[in-house]
$ cat coords.pdb   # PDB, C-alpha atoms and all ligand atoms
ATOM      1  CA  MET A1012     -25.828 -18.304  44.860  1.00  0.00           C
ATOM      2  CA  SER A1013     -22.330 -19.687  44.361  1.00  0.00           C
ATOM      3  CA  GLY A1014     -20.188 -21.811  42.103  1.00  0.00           C
ATOM      4  CA  SER A1015     -22.094 -23.891  39.610  1.00  0.00           C
ATOM      5  CA  HIS A1016     -21.080 -27.266  38.219  1.00  0.00           C
ATOM      6  CA  LEU A1017     -20.447 -26.474  34.598  1.00  0.00           C
ATOM      7  CA  PRO A1018     -18.047 -28.253  32.288  1.00  0.00           C
ATOM      8  CA  GLY A1019     -14.742 -26.506  31.768  1.00  0.00           C
ATOM      9  CA  ALA A1020     -13.344 -23.766  33.982  1.00  0.00           C
ATOM     10  CA  PRO A1021     -15.271 -23.058  37.200  1.00  0.00           C
ATOM     11  CA  VAL A1022     -17.983 -20.429  36.979  1.00  0.00           C
ATOM     12  CA  ARG A1023     -19.351 -18.517  39.932  1.00  0.00           C
ATOM     13  CA  LEU A1024     -22.759 -16.865  39.978  1.00  0.00           C
ATOM     14  CA  ARG A1025     -23.487 -13.842  42.160  1.00  0.00           C
ATOM     15  CA  PRO A1026     -26.128 -11.116  42.363  1.00  0.00           C
ATOM     16  CA  ALA A1027     -25.541  -8.137  40.058  1.00  0.00           C
ATOM     17  CA  THR A1028     -24.727  -4.896  41.901  1.00  0.00           C
ATOM     18  CA  GLY A1029     -24.258  -1.238  41.063  1.00  0.00           C
ATOM     19  CA  GLN A1030     -20.590  -1.985  40.310  1.00  0.00           C
ATOM     20  CA  ASP A1031     -21.727  -4.072  37.327  1.00  0.00           C
ATOM     21  CA  ALA A1032     -23.341  -1.226  35.353  1.00  0.00           C
ATOM     22  CA  ASP A1033     -20.569  -1.056  32.736  1.00  0.00           C
ATOM     23  CA  PHE A1034     -20.500  -4.823  32.335  1.00  0.00           C
ATOM     24  CA  LEU A1035     -24.268  -4.959  31.870  1.00  0.00           C
ATOM     25  CA  ALA A1036     -23.861  -2.389  29.088  1.00  0.00           C
ATOM     26  CA  ASP A1037     -21.302  -4.730  27.474  1.00  0.00           C
ATOM     27  CA  VAL A1038     -23.756  -7.610  27.724  1.00  0.00           C
ATOM     28  CA  LEU A1039     -26.553  -5.445  26.329  1.00  0.00           C
ATOM     29  CA  LEU A1040     -24.344  -4.903  23.292  1.00  0.00           C
ATOM     30  CA  GLU A1041     -23.960  -8.675  22.909  1.00  0.00           C
ATOM     31  CA  ALA A1042     -27.712  -9.207  23.201  1.00  0.00           C
ATOM     32  CA  PHE A1043     -28.601  -6.587  20.582  1.00  0.00           C
ATOM     33  CA  ASN A1044     -25.736  -7.603  18.281  1.00  0.00           C
ATOM     34  CA  TRP A1045     -26.350 -11.349  18.628  1.00  0.00           C
ATOM     35  CA  ASP A1046     -26.074 -11.918  14.862  1.00  0.00           C
ATOM     36  CA  GLY A1047     -23.029  -9.730  14.266  1.00  0.00           C
ATOM     37  CA  ALA A1048     -22.053  -6.202  15.185  1.00  0.00           C
ATOM     38  CA  ARG A1049     -24.632  -3.697  14.029  1.00  0.00           C
ATOM     39  CA  HIS A1050     -23.962  -0.968  16.564  1.00  0.00           C
ATOM     40  CA  THR A1051     -21.021   0.072  18.691  1.00  0.00           C
ATOM     41  CA  SER A1052     -21.452   0.408  22.412  1.00  0.00           C
ATOM     42  CA  ALA A1053     -21.330   4.204  22.170  1.00  0.00           C
ATOM     43  CA  GLU A1054     -23.987   4.239  19.441  1.00  0.00           C
ATOM     44  CA  MET A1055     -26.261   1.937  21.402  1.00  0.00           C
ATOM     45  CA  LEU A1056     -26.013   3.919  24.595  1.00  0.00           C
ATOM     46  CA  ARG A1057     -27.085   7.043  22.667  1.00  0.00           C
ATOM     47  CA  MET A1058     -30.297   5.299  21.581  1.00  0.00           C
ATOM     48  CA  PRO A1059     -32.845   5.727  24.388  1.00  0.00           C
ATOM     49  CA  HIS A1060     -34.867   2.617  23.416  1.00  0.00           C
ATOM     50  CA  ILE A1061     -31.729   0.498  23.895  1.00  0.00           C
ATOM     51  CA  ALA A1062     -29.966   2.428  26.666  1.00  0.00           C
ATOM     52  CA  HIS A1063     -33.021   2.249  28.927  1.00  0.00           C
ATOM     53  CA  TYR A1064     -32.219  -1.416  29.643  1.00  0.00           C
ATOM     54  CA  VAL A1065     -29.225  -0.256  31.718  1.00  0.00           C
ATOM     55  CA  THR A1066     -29.744   3.468  32.412  1.00  0.00           C
ATOM     56  CA  GLY A1067     -29.427   4.231  36.108  1.00  0.00           C
ATOM     57  CA  TRP A1068     -28.639   0.620  37.014  1.00  0.00           C
ATOM     58  CA  PRO A1069     -29.680  -0.456  39.555  1.00  0.00           C
ATOM     59  CA  ARG A1070     -33.096   1.098  40.038  1.00  0.00           C
ATOM     60  CA  ALA A1071     -35.580   0.001  42.670  1.00  0.00           C
ATOM     61  CA  GLY A1072     -37.029  -3.330  41.573  1.00  0.00           C
ATOM     62  CA  ASP A1073     -34.117  -4.251  39.281  1.00  0.00           C
ATOM     63  CA  PHE A1074     -32.468  -7.606  39.888  1.00  0.00           C
ATOM     64  CA  GLY A1075     -29.808  -9.600  38.105  1.00  0.00           C
ATOM     65  CA  VAL A1076     -27.086 -12.227  38.200  1.00  0.00           C
ATOM     66  CA  VAL A1077     -23.486 -12.093  37.001  1.00  0.00           C
ATOM     67  CA  ALA A1078     -21.346 -15.100  36.057  1.00  0.00           C
ATOM     68  CA  GLU A1079     -17.605 -14.840  36.775  1.00  0.00           C
ATOM     69  CA  ASP A1080     -14.714 -16.988  35.727  1.00  0.00           C
ATOM     70  CA  ASP A1081     -12.230 -18.399  38.224  1.00  0.00           C
ATOM     71  CA  THR A1082     -10.286 -15.123  38.229  1.00  0.00           C
ATOM     72  CA  GLY A1083     -13.361 -13.084  39.142  1.00  0.00           C
ATOM     73  CA  ARG A1084     -13.750 -11.638  35.661  1.00  0.00           C
ATOM     74  CA  PRO A1085     -17.393 -11.273  34.593  1.00  0.00           C
ATOM     75  CA  ILE A1086     -18.268 -13.448  31.588  1.00  0.00           C
ATOM     76  CA  GLY A1087     -22.036 -13.205  31.417  1.00  0.00           C
ATOM     77  CA  ALA A1088     -25.058 -11.601  32.985  1.00  0.00           C
ATOM     78  CA  VAL A1089     -28.802 -11.570  33.081  1.00  0.00           C
ATOM     79  CA  TRP A1090     -30.981  -8.906  34.633  1.00  0.00           C
ATOM     80  CA  ALA A1091     -34.581  -7.805  34.745  1.00  0.00           C
ATOM     81  CA  ARG A1092     -36.280  -4.445  35.043  1.00  0.00           C
ATOM     82  CA  THR A1093     -39.773  -3.085  34.523  1.00  0.00           C
ATOM     83  CA  PHE A1094     -40.674  -0.396  32.006  1.00  0.00           C
ATOM     84  CA  PRO A1095     -43.614   2.023  31.979  1.00  0.00           C
ATOM     85  CA  ALA A1096     -46.203   1.703  29.216  1.00  0.00           C
ATOM     86  CA  ASP A1097     -44.998   4.962  27.621  1.00  0.00           C
ATOM     87  CA  ASP A1098     -41.368   3.737  27.468  1.00  0.00           C
ATOM     88  CA  PRO A1099     -41.696   0.008  26.851  1.00  0.00           C
ATOM     89  CA  GLY A1100     -38.929  -2.483  26.219  1.00  0.00           C
ATOM     90  CA  TYR A1101     -39.093  -4.702  23.141  1.00  0.00           C
ATOM     91  CA  GLY A1102     -40.521  -7.521  25.264  1.00  0.00           C
ATOM     92  CA  HIS A1103     -43.018  -5.384  27.134  1.00  0.00           C
ATOM     93  CA  VAL A1104     -46.046  -7.172  28.543  1.00  0.00           C
ATOM     94  CA  ALA A1105     -47.172  -4.890  31.366  1.00  0.00           C
ATOM     95  CA  PRO A1106     -45.589  -2.182  33.554  1.00  0.00           C
ATOM     96  CA  ASP A1107     -45.302  -4.597  36.497  1.00  0.00           C
ATOM     97  CA  VAL A1108     -43.774  -7.469  34.522  1.00  0.00           C
ATOM     98  CA  PRO A1109     -39.948  -7.385  34.533  1.00  0.00           C
ATOM     99  CA  GLU A1110     -38.279  -7.899  31.164  1.00  0.00           C
ATOM    100  CA  LEU A1111     -34.981  -9.755  31.142  1.00  0.00           C
ATOM    101  CA  THR A1112     -31.799  -9.288  29.147  1.00  0.00           C
ATOM    102  CA  LEU A1113     -29.296 -12.155  28.880  1.00  0.00           C
ATOM    103  CA  GLY A1114     -25.864 -12.495  27.349  1.00  0.00           C
ATOM    104  CA  VAL A1115     -22.636 -14.450  27.693  1.00  0.00           C
ATOM    105  CA  LEU A1116     -19.366 -13.134  26.278  1.00  0.00           C
ATOM    106  CA  PRO A1117     -18.121 -14.821  23.103  1.00  0.00           C
ATOM    107  CA  GLY A1118     -15.641 -17.534  24.033  1.00  0.00           C
ATOM    108  CA  HIS A1119     -17.665 -18.587  27.064  1.00  0.00           C
ATOM    109  CA  ARG A1120     -20.813 -19.743  25.284  1.00  0.00           C
ATOM    110  CA  GLY A1121     -22.078 -23.265  24.771  1.00  0.00           C
ATOM    111  CA  ARG A1122     -21.064 -24.716  28.142  1.00  0.00           C
ATOM    112  CA  GLY A1123     -24.117 -23.950  30.238  1.00  0.00           C
ATOM    113  CA  VAL A1124     -23.372 -20.428  31.509  1.00  0.00           C
ATOM    114  CA  GLY A1125     -26.461 -18.892  29.885  1.00  0.00           C
ATOM    115  CA  SER A1126     -28.684 -21.665  31.233  1.00  0.00           C
ATOM    116  CA  ALA A1127     -27.239 -21.311  34.729  1.00  0.00           C
ATOM    117  CA  LEU A1128     -27.729 -17.535  34.651  1.00  0.00           C
ATOM    118  CA  LEU A1129     -31.317 -17.856  33.503  1.00  0.00           C
ATOM    119  CA  ASP A1130     -32.106 -20.456  36.167  1.00  0.00           C
ATOM    120  CA  ALA A1131     -30.563 -18.223  38.850  1.00  0.00           C
ATOM    121  CA  LEU A1132     -32.568 -15.218  37.683  1.00  0.00           C
ATOM    122  CA  VAL A1133     -35.795 -17.209  37.776  1.00  0.00           C
ATOM    123  CA  GLU A1134     -34.948 -18.380  41.307  1.00  0.00           C
ATOM    124  CA  THR A1135     -34.270 -14.788  42.362  1.00  0.00           C
ATOM    125  CA  ALA A1136     -37.565 -13.666  40.843  1.00  0.00           C
ATOM    126  CA  ALA A1137     -39.471 -16.428  42.600  1.00  0.00           C
ATOM    127  CA  ARG A1138     -37.918 -15.498  45.961  1.00  0.00           C
ATOM    128  CA  SER A1139     -39.013 -11.881  45.360  1.00  0.00           C
ATOM    129  CA  SER A1140     -42.591 -12.977  44.619  1.00  0.00           C
ATOM    130  CA  VAL A1141     -42.281 -11.918  40.982  1.00  0.00           C
ATOM    131  CA  ASP A1142     -44.819 -14.090  39.181  1.00  0.00           C
ATOM    132  CA  LEU A1143     -44.109 -13.213  35.533  1.00  0.00           C
ATOM    133  CA  LEU A1144     -40.946 -12.565  33.500  1.00  0.00           C
ATOM    134  CA  SER A1145     -40.912 -11.443  29.885  1.00  0.00           C
ATOM    135  CA  LEU A1146     -38.304 -11.140  27.162  1.00  0.00           C
ATOM    136  CA  SER A1147     -37.896 -10.366  23.480  1.00  0.00           C
ATOM    137  CA  VAL A1148     -36.085 -12.656  21.086  1.00  0.00           C
ATOM    138  CA  GLU A1149     -35.428 -11.793  17.478  1.00  0.00           C
ATOM    139  CA  ASP A1150     -36.324 -14.197  14.676  1.00  0.00           C
ATOM    140  CA  GLY A1151     -33.469 -16.622  14.027  1.00  0.00           C
ATOM    141  CA  ASN A1152     -31.771 -16.246  17.426  1.00  0.00           C
ATOM    142  CA  PRO A1153     -31.092 -19.776  18.717  1.00  0.00           C
ATOM    143  CA  ALA A1154     -31.492 -18.415  22.252  1.00  0.00           C
ATOM    144  CA  VAL A1155     -35.203 -19.109  21.715  1.00  0.00           C
ATOM    145  CA  ARG A1156     -34.489 -22.791  22.395  1.00  0.00           C
ATOM    146  CA  LEU A1157     -33.035 -21.947  25.791  1.00  0.00           C
ATOM    147  CA  TYR A1158     -36.093 -19.883  26.678  1.00  0.00           C
ATOM    148  CA  ALA A1159     -38.573 -22.487  25.455  1.00  0.00           C
ATOM    149  CA  ALA A1160     -36.743 -25.211  27.392  1.00  0.00           C
ATOM    150  CA  ARG A1161     -37.141 -23.094  30.562  1.00  0.00           C
ATOM    151  CA  GLY A1162     -40.896 -22.738  30.024  1.00  0.00           C
ATOM    152  CA  PHE A1163     -41.160 -19.358  28.293  1.00  0.00           C
ATOM    153  CA  THR A1164     -43.973 -19.230  25.750  1.00  0.00           C
ATOM    154  CA  VAL A1165     -44.645 -16.797  22.929  1.00  0.00           C
ATOM    155  CA  VAL A1166     -47.347 -14.289  23.879  1.00  0.00           C
ATOM    156  CA  GLY A1167     -46.781 -11.502  21.372  1.00  0.00           C
ATOM    157  CA  ARG A1168     -44.934 -10.055  18.449  1.00  0.00           C
ATOM    158  CA  GLU A1169     -43.000  -6.781  18.092  1.00  0.00           C
ATOM    159  CA  GLY A1170     -41.377  -6.090  14.740  1.00  0.00           C
ATOM    160  CA  GLU A1171     -39.285  -9.136  13.875  1.00  0.00           C
ATOM    161  CA  SER A1172     -39.188 -10.463  17.425  1.00  0.00           C
ATOM    162  CA  ASP A1173     -41.298 -12.681  19.607  1.00  0.00           C
ATOM    163  CA  THR A1174     -42.308 -11.589  23.074  1.00  0.00           C
ATOM    164  CA  MET A1175     -42.044 -14.533  25.463  1.00  0.00           C
ATOM    165  CA  LEU A1176     -43.411 -14.907  28.961  1.00  0.00           C
ATOM    166  CA  LEU A1177     -42.633 -17.205  31.865  1.00  0.00           C
ATOM    167  CA  ARG A1178     -45.281 -17.674  34.523  1.00  0.00           C
ATOM    168  CA  LEU A1179     -43.594 -18.441  37.838  1.00  0.00           C
ATOM    169  CA  ALA A1180     -46.837 -18.579  39.820  1.00  0.00           C
ATOM    170  CA  GLY A1181     -50.315 -19.760  38.994  1.00  0.00           C
ATOM    171  CA  PRO A1182     -52.784 -17.341  37.388  1.00  0.00           C
ATOM    172  CA  THR A1183     -54.267 -14.851  39.826  1.00  0.00           C
ATOM    173  CA  PRO A1184     -57.924 -13.807  39.508  1.00  0.00           C
ATOM    174  CA  GLU A1185     -57.148 -10.082  39.564  1.00  0.00           C
ATOM    175  CA  ARG A1186     -54.575 -10.264  36.726  1.00  0.00           C
ATOM    176  CA  PRO A1187     -55.989 -10.502  33.210  1.00  0.00           C
ATOM    177  CA  GLU A1188     -54.505 -13.224  31.055  1.00  0.00           C
ATOM    178  CA  VAL A1189     -51.676 -11.962  28.842  1.00  0.00           C
TER     179      VAL A1189
HETATM  180  C1  LIG A1201     -27.993 -16.939  24.256  1.00  0.00           C
HETATM  181  C2  LIG A1201     -26.806 -17.126  25.169  1.00  0.00           C
HETATM  182  C3  LIG A1201     -26.952 -16.212  26.374  1.00  0.00           C
HETATM  183  C4  LIG A1201     -26.770 -18.565  25.641  1.00  0.00           C
HETATM  184  O1  LIG A1201     -25.674 -18.684  26.529  1.00  0.00           O
HETATM  185  P1  LIG A1201     -24.787 -20.015  26.516  1.00  0.00           P
HETATM  186  O2  LIG A1201     -23.917 -19.975  27.703  1.00  0.00           O
HETATM  187  O3  LIG A1201     -24.144 -20.165  25.205  1.00  0.00           O
HETATM  188  O4  LIG A1201     -25.972 -21.085  26.689  1.00  0.00           O
HETATM  189  P2  LIG A1201     -25.866 -22.596  27.154  1.00  0.00           P
HETATM  190  O5  LIG A1201     -24.507 -23.140  26.944  1.00  0.00           O
HETATM  191  O6  LIG A1201     -26.428 -22.651  28.524  1.00  0.00           O
HETATM  192  O7  LIG A1201     -26.850 -23.287  26.138  1.00  0.00           O
HETATM  193  C5  LIG A1201     -28.242 -23.156  26.330  1.00  0.00           C
HETATM  194  C6  LIG A1201     -29.014 -23.333  25.061  1.00  0.00           C
HETATM  195  O8  LIG A1201     -28.940 -22.163  24.291  1.00  0.00           O
HETATM  196  C7  LIG A1201     -29.287 -22.489  22.949  1.00  0.00           C
HETATM  197  N1  LIG A1201     -28.402 -21.658  22.152  1.00  0.00           N
HETATM  198  C8  LIG A1201     -28.223 -20.360  22.417  1.00  0.00           C
HETATM  199  N2  LIG A1201     -27.393 -19.821  21.513  1.00  0.00           N
HETATM  200  C9  LIG A1201     -27.012 -20.789  20.676  1.00  0.00           C
HETATM  201  C10 LIG A1201     -26.178 -20.815  19.540  1.00  0.00           C
HETATM  202  N3  LIG A1201     -25.522 -19.750  19.078  1.00  0.00           N
HETATM  203  N4  LIG A1201     -26.047 -21.968  18.889  1.00  0.00           N
HETATM  204  C11 LIG A1201     -26.685 -23.053  19.327  1.00  0.00           C
HETATM  205  N5  LIG A1201     -27.490 -23.073  20.408  1.00  0.00           N
HETATM  206  C12 LIG A1201     -27.656 -21.951  21.076  1.00  0.00           C
HETATM  207  C13 LIG A1201     -29.180 -23.985  22.811  1.00  0.00           C
HETATM  208  O9  LIG A1201     -30.500 -24.495  22.724  1.00  0.00           O
HETATM  209  C14 LIG A1201     -28.561 -24.421  24.129  1.00  0.00           C
HETATM  210  O10 LIG A1201     -29.084 -25.583  24.624  1.00  0.00           O
HETATM  211  P3  LIG A1201     -28.551 -27.011  24.127  1.00  0.00           P
HETATM  212  O11 LIG A1201     -27.073 -26.958  24.156  1.00  0.00           O
HETATM  213  O12 LIG A1201     -29.151 -27.934  25.129  1.00  0.00           O
HETATM  214  O13 LIG A1201     -29.117 -27.135  22.754  1.00  0.00           O
HETATM  215  C15 LIG A1201     -25.462 -16.810  24.427  1.00  0.00           C
HETATM  216  O14 LIG A1201     -25.373 -17.625  23.296  1.00  0.00           O
HETATM  217  C16 LIG A1201     -25.328 -15.373  24.004  1.00  0.00           C
HETATM  218  O15 LIG A1201     -24.882 -14.529  24.775  1.00  0.00           O
HETATM  219  N6  LIG A1201     -25.711 -15.044  22.743  1.00  0.00           N
HETATM  220  C17 LIG A1201     -25.583 -13.694  22.230  1.00  0.00           C
HETATM  221  C18 LIG A1201     -26.524 -12.744  22.952  1.00  0.00           C
HETATM  222  C19 LIG A1201     -27.963 -13.185  22.832  1.00  0.00           C
HETATM  223  O16 LIG A1201     -28.421 -13.656  21.806  1.00  0.00           O
HETATM  224  N7  LIG A1201     -28.701 -12.960  23.939  1.00  0.00           N
HETATM  225  C20 LIG A1201     -30.122 -13.285  23.976  1.00  0.00           C
HETATM  226  C21 LIG A1201     -30.907 -12.200  23.346  1.00  0.00           C
HETATM  227  S1  LIG A1201     -32.641 -12.638  23.329  1.00  0.00           S
END

$ encode --input "coords.pdb" --output "structure tokens" --more "lines below"
Ligand SMILES: CC(C)(COP(=O)(O)OP(=O)(O)OC[C@H]1O[C@@H](n2cnc3c(N)ncnc32)[C@H](O)[C@@H]1OP(=O)(O)O)[C@@H](O)C(=O)NCCC(=O)NCCS
Amino acid sequence: MSGSHLPGAPVRLRPATGQDADFLADVLLEAFNWDGARHTSAEMLRMPHIAHYVTGWPRAGDFGVVAEDDTGRPIGAVWARTFPADDPGYGHVAPDVPELTLGVLPGHRGRGVGSALLDALVETAARSSVDLLSLSVEDGNPAVRLYAARGFTVVGREGESDTMLLRLAGPTPERPEV
């Protein structure tokens, strides 16, 4: 994983590490506030159903990718983690299906960073033999076009959001269709 060929200033992609916990919380804020600030960071991190996307980062099984600008400053991230059935994420499909969160800082959007992050996450998942990735996207969020273009399909509904799923591997006989 290294520099990607995006228009504008160079962008470097690298695996997310434990040092990125605070930045992932910033990106979580962007993802939940995609249509304008509804919550502050402090408020969000007090809400367990939101905070659990980053709590204890990284846990076993978590994986993610950070995009940096040419000065090494993080400008976007995507990561995936699984959730138990009794503490599901908004895009929960099954306890063994990682759910992803994606965001790019304002000012760095619209030049391919989000697409490059998502592609890198999918590559990382495939290398780790992860065969399904899920996500939740709220009605009206144009990010849905990015997900659909990458092969995610709608498999469920939670509140005012679609649950989308990407199948990285062919269906396996022991896994029920979702
Ligand atoms: C969604 C997001 C990560 C996309 O990152 P990005 O770097 O802007 O994405 P790209 O430049 O790679 O564009 C990819 C596609 O995203 C779609 N898209 C996402 N947000 C868009 C917006 N606000 N307006 C128009 N298109 C948008 C477009 O289809 C675009 O493809 P196209 O240019 O071929 O039409 C970024 O806009 C973001 O952080 N948004 C706020 C947080 C958020 O909504 N996260 C997702 C929660 S489900």

$ resolve_selection --input "coords.pdb" --expression "the PyMOL selection byres (((not hetatm)) within 8 of (chain A and resi 1201))" --output "MDAnalysis selection string"
chainID A and resid 1038 1041:1046 1087 1112:1117 1119:1127 1146:1149 1152:1158 1160

$ atom_distance --input "coords.pdb" --atom1 "CA of Met1055 in chain A" --atom2 "CA of Leu1177 in chain A"
27.3 Å

$ closest_residue --input "coords.pdb" --among "A:Ala1159, A:Leu1179, A:Leu1040, A:Ala1032" --to "Trp1068 in chain A" --atoms "all atoms listed in the file"
A:Ala1032

$ closest_residue --input "coords.pdb" --among "A:Ala1078, A:Leu1039, A:Val1166, A:Ala1048" --to "Thr1066 in chain A" --atoms "all atoms listed in the file"
A:Leu1039

$ closest_residue --input "coords.pdb" --among "A:Pro1106, A:Ser1052, A:Ala1136, A:His1060" --to "Ala1091 in chain A" --atoms "all atoms listed in the file"
A:Ala1136

$ atom_distance --input "coords.pdb" --atom1 "CA of Arg1138 in chain A" --atom2 "CA of Ala1071 in chain A"
16.0 Å

$ atom_distance --input "coords.pdb" --atom1 "CA of Val1076 in chain A" --atom2 "CA of Gly1170 in chain A"
28.1 Å

$ closest_residue --input "coords.pdb" --among "A:Asp1097, A:Asp1033, A:Asp1080, A:Asp1073" --to "Leu1056 in chain A" --atoms "only C-alpha atoms"
A:Asp1033

$ resolve_selection --input "coords.pdb" --expression "the PyMOL selection byres (((chain A and resi 1141) around 12) and not hetatm)" --output "PDB file with C-alpha atoms, in the coordinates of the input"
ATOM      1  CA  GLY A1072     -37.029  -3.330  41.573  1.00  0.00           C
ATOM      2  CA  ASP A1073     -34.117  -4.251  39.281  1.00  0.00           C
ATOM      3  CA  PHE A1074     -32.468  -7.606  39.888  1.00  0.00           C
ATOM      4  CA  ALA A1091     -34.581  -7.805  34.745  1.00  0.00           C
ATOM      5  CA  ARG A1092     -36.280  -4.445  35.043  1.00  0.00           C
ATOM      6  CA  THR A1093     -39.773  -3.085  34.523  1.00  0.00           C
ATOM      7  CA  ASP A1107     -45.302  -4.597  36.497  1.00  0.00           C
ATOM      8  CA  VAL A1108     -43.774  -7.469  34.522  1.00  0.00           C
ATOM      9  CA  PRO A1109     -39.948  -7.385  34.533  1.00  0.00           C
ATOM     10  CA  GLU A1110     -38.279  -7.899  31.164  1.00  0.00           C
ATOM     11  CA  LEU A1132     -32.568 -15.218  37.683  1.00  0.00           C
ATOM     12  CA  VAL A1133     -35.795 -17.209  37.776  1.00  0.00           C
ATOM     13  CA  GLU A1134     -34.948 -18.380  41.307  1.00  0.00           C
ATOM     14  CA  THR A1135     -34.270 -14.788  42.362  1.00  0.00           C
ATOM     15  CA  ALA A1136     -37.565 -13.666  40.843  1.00  0.00           C
ATOM     16  CA  ALA A1137     -39.471 -16.428  42.600  1.00  0.00           C
ATOM     17  CA  ARG A1138     -37.918 -15.498  45.961  1.00  0.00           C
ATOM     18  CA  SER A1139     -39.013 -11.881  45.360  1.00  0.00           C
ATOM     19  CA  SER A1140     -42.591 -12.977  44.619  1.00  0.00           C
ATOM     20  CA  ASP A1142     -44.819 -14.090  39.181  1.00  0.00           C
ATOM     21  CA  LEU A1143     -44.109 -13.213  35.533  1.00  0.00           C
ATOM     22  CA  LEU A1144     -40.946 -12.565  33.500  1.00  0.00           C
ATOM     23  CA  SER A1145     -40.912 -11.443  29.885  1.00  0.00           C
ATOM     24  CA  LEU A1177     -42.633 -17.205  31.865  1.00  0.00           C
ATOM     25  CA  ARG A1178     -45.281 -17.674  34.523  1.00  0.00           C
ATOM     26  CA  LEU A1179     -43.594 -18.441  37.838  1.00  0.00           C
ATOM     27  CA  ALA A1180     -46.837 -18.579  39.820  1.00  0.00           C
ATOM     28  CA  GLY A1181     -50.315 -19.760  38.994  1.00  0.00           C
TER      29      GLY A1181
END

$ closest_residue --input "coords.pdb" --among "A:Gly1100, A:Pro1069, A:Pro1026, A:Gly1047" --to "Ala1088 in chain A" --atoms "only C-alpha atoms"
A:Pro1026

$ resolve_selection --input "coords.pdb" --expression "the PyMOL selection byres (((chain A and resi 1077) around 9) and not hetatm)" --output "list in words"
Arg1023, Leu1024, Arg1025, Pro1026, Ala1027, Thr1028, Asp1031, Leu1035, Gly1075, Val1076, Ala1078, Glu1079, Pro1085, Ile1086, Gly1087, Ala1088, Val1089, Trp1090 and Leu1128 of chain A
